[in-house]
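To keep things clear, I will list the structure first and then write my remarks on it.
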Amino acid sequence: MKEKGKNFIESIIDKDLNNGLSSQKLRFRFPPEPNGYLHIGHIKAIVLNFSLGQKYNAPVNLRFDDTNPIKEDALYIEEIKKDINWLGYQWDQECYASDYFEQLYQWAHLLIDKGLAYVDSQSSEEIAQQKGTPTRPGIPSKDRSRPIQENKELFTQMKEGKFEQGRYVLRAKLSMDSPNMLLRDPVIYRIIYATHPKTKAQWCIYPMYDWTHGQSDFIEQVSHSLCSLEFMPHRALYNAFLTAILPQEKDLPFQREFSRLNVAYSMTSKRKIQKLISLGYVDGWDDPRLHTICALRRKGYTPQSLKRFVELAGVSKRSKVIGLPLLEYCIREDLNLHAERVMAVIDPIKLTIVNYEELYSEDITFEKNPQKPELGHQKVRFSRELYIERSDFMETPPKKFFRLSIGKQVRLKGAYVVQAESVIQDQKDNVVEVRCIYYPDSKSGQSNGESDYSHIKATIHWLSVQDAIDAKANVFDRLLLSDDVDSQKETDYQELINPNSKKTISIKIEKSLANAIEGNQYQFLRMGYFTADKGFDKENRIFNKTATLRDSYKP
RNA sequence: UGGCCCAUGGUGUAACUGGCAACACGUCUGAUUUUGGUUCAGAAGAGUCUAGGUUCGAUCCCUAGUGGGCCAACCA
């Protein structure tokens with residue numbers, strides 16, 4: 001049977017299943033380090049692992065890789081859990097690498113017993129120097145041949161806090177001339193005096209990533225340990241350690257690597273984002289211009305759209321940067337189906353209907369969402385004085401402009417056809433008001449008698465002046481000027497930042513939006529998708545622009 | 001003067017153990033539409049990095065080259 005769209009990870013799993021691996025043994029895991037907020041790149045790993053879990057009906061663990069107390073914080077544990085839940089995933093077990101510290105310590109002793117690890121007293125710099133280069137073999141440490149018993153005693157004392165930070169490390173004795181630099185006697189334990197988010201002051205030696213990850217996978221019986229491409233050289237260590245401490249074990253987990261999701265114009269480096277925040281270029285980790293999960297959420301991205309994005313981006317082993325248009329497509333696709341349509345005028349200009357009764361008004365209705373008629377209708381007040389979008393009127397229109405200009409007709413959404421008659425200008429000749437007439441027999445949804453309005457090419461949105469409410473909208477442009485900041489080593493923030501990445505503008509919204517709830521998404525008819533910002537209330541009516549609508553109008 | 005990984009329309013992925021390159025986004029037409037949105041129909045666009053080899057036949061296997069990525073933290 002030919003299955004299309006299967007990615008290479010799924011192919012590997014299917015092959016394993018065909019080769020006799022029981023589907024009961026399938027287990028995955030998402031292993032973040034709690035040292036910062038999750039970003040769009042993590043979404044790929046999350047979606048990949050959890051959707052594999054769903055597809056194969058296998059459990060997925062959440063494992064915090066908390067082996068470096070200097071960088072980690074309990075705050076991030078909570079934030080990470082929140083983000084994963086928001087994405088709509090439920091993990092099986094909530095695990096911590098620190099749960100395995102004792103076991104890892106015992107295994108380290110086992111490694112020493114086998115003559116495969118030694119305590120090194122050299123400084124970090126000395127060790128680095130002796131490592132050599134990829135083309136030049138390393139030099140063995142003077143401590144490499146330290147007797148096993150002495151190693152055990154020193155390591156035990158390290159654990160007992162007998163030494164100051166940095167005094168000793170435990171190194172695996174592998175090879176000092178491997179072309180894989182990671183195999184050149186890697187450090188597997190170091191002394192750190194810091195408070196760990198989970199184990200507090202219980203430990204003063206901490207295992208390194210390589211000594212932790214494979215073993216943690218084994219303990220949790222993870223079958224397929226998926227990580228990004230840059231961990232490929234670590235696979236040799238992953239396997240070497242597992243086979244060293246578990247020589248008779250047959251069902252060892254194994255690591256497979258996929259390319260990480262790099263998004264154009266996005267910054268995912270914690271250090272760099274932190275810098276942006278401290279320099280005041282963005283307001284915080286959830287500034288909608290960033291690509292952290294909390295920022296995407298605040299901007300109005302939905303879990304569904306982000307999952308879809310990851311799905312469309314695919315899984316492969318090529319390093320690449322995905323462009324923003326795909327991300328925008330995904331949120332439009334979702335919001336088109338779900339967002340309520342409302343009227344809001346972003347850049348208002350007054351439109352007066354001269355032949356409409358001055359004190360008269362009427363209720364106009366239109367569908368909340370043409371994609372979902374069952375949602376019913378929106379009711380808006382129509383009257384003589386309206387606001388329309390400034391860009392919907394032109395004094396000297398180009399040939400293909402279908403909207404309002406003197407002598408031309410448009411339909412006001414849900415209401416009447418109007419024809420512009422004249423404009424009122426200020427001293428500087430700016431148009432401040434458009435005056436028009438309306439055709440009483442052109443009302444939406446009514447039979448129009450003799451008149452035929454089918455030639456009207458455009459429908460524009462509007463708001464009754466007396467009912468319009470003031471609000472604000474944050475409109476964003478890309479924060480960064482370069483599409484691939486993440487791969488740049490040093491960054492000149494001055495030159496990197498788009499000075500016009502955020503504009504806050506005053507807009508007019510319809511009454512029904514006055515009590516919008518934070519996080520709710522709307523389509524401002526013809527203008528794009530907007531989301532009520534956090535803290536939205538009567539005093540503070542702010543919307544974030546989530547995405548623009550597609551626009552095939554080309555002047 | 002190292003090792004590992006990768007190379008398919010503009011972009012991202014697909015093509016089962018080799019059988020005349022498919023899907024999505026984007027682009028362009030046309031239709032529908034009271035959102036220049038949506039939807040629908042259709043089109044253009046690659047002969048699979050290069051050179052060899054194996055084969056009746058190569059995107060797929062082999063060799064070499066080229067280009068890109070990763071690796072020398074007491075980070076993960």
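In the structure tokens, chains take the letters A, B, ... in the order shown, each chain's residues start at 1, and ligands count up from 1 in the order shown.
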Query raised in the report: Using only C-alpha atoms (C1' of nucleotides), which chain B residues lie at most 7 Å away from chain A, written as a PyMOL selection string?
Result: chain B and resi 1-4+6+12-14+16+24-25+34-37+69-72+74+76
Requested in this report: Tell me, as an MDAnalysis selection string, which residues lie within 12 Å of B:G57, counting only C-alpha atoms (C1' of nucleotides); anything in the same chain fewer than 5 positions away does not count.
Outcome: chainID B and resid 18:20
Give me a file of those residues, with C-alpha atoms (C1' of nucleotides), as an mmCIF file, in the first residue's frame.
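Written file, result.cif:
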```
data_model
loop_
_atom_site.group_PDB
_atom_site.id
_atom_site.type_symbol
_atom_site.label_atom_id
_atom_site.label_comp_id
_atom_site.auth_asym_id
_atom_site.auth_seq_id
_atom_site.Cartn_x
_atom_site.Cartn_y
_atom_site.Cartn_z
ATOM 1 C "C1'" G B 18 14.901 1.514 -9.310
ATOM 2 C "C1'" G B 19 9.502 2.072 -13.947
ATOM 3 C "C1'" C B 20 8.164 8.459 -18.185
#
```
**Report entry** Neighbour list for B:G30 as a ChimeraX atom specification, cut-off 12 Å, only C-alpha atoms (C1' of nucleotides), skip fewer than 5 positions in-chain
**Finding:** /B:40-43
Just the selected residues (C-alpha atoms (C1' of nucleotides)), exported as a compact mmCIF listing (two decimals), in the first residue's frame, please.
```
# COMPACT_ATOMS: atom_id res chain seq x y z
C1' C B 40 -14.74 26.78 -7.71
C1' A B 41 -12.40 25.68 -12.49
C1' G B 42 -7.97 25.99 -15.08
C1' A B 43 -2.76 27.46 -16.49
```
Per residue of stretch 149-227 of chain A within 8 Å of stretch 89-106 of chain A, what are the shortest atom pair and its distance in Å to one decimal, counting only C-alpha atoms, with rows by chain and residue number, as CSV?
```
residue,atom,partner,partner_atom,distance
A:Lys198,CA,A:Ser98,CA,7.3
A:Thr199,CA,A:Ser98,CA,7.1
A:Tyr206,CA,A:Phe101,CA,7.9
A:Pro207,CA,A:Leu104,CA,7.6
A:Trp211,CA,A:Leu104,CA,7.7
A:Thr212,CA,A:Ala97,CA,7.0
A:His213,CA,A:Ala97,CA,7.9
A:Gln215,CA,A:Leu104,CA,7.6
A:Ser216,CA,A:Ala97,CA,6.4
```
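A straight line drawn from atom CA of A:Ala194 to atom CA of A:Gln274 is 21.9 Å long.
Atom CA of A:Asp177 is positioned 24.6 Å from atom CA of A:His109.
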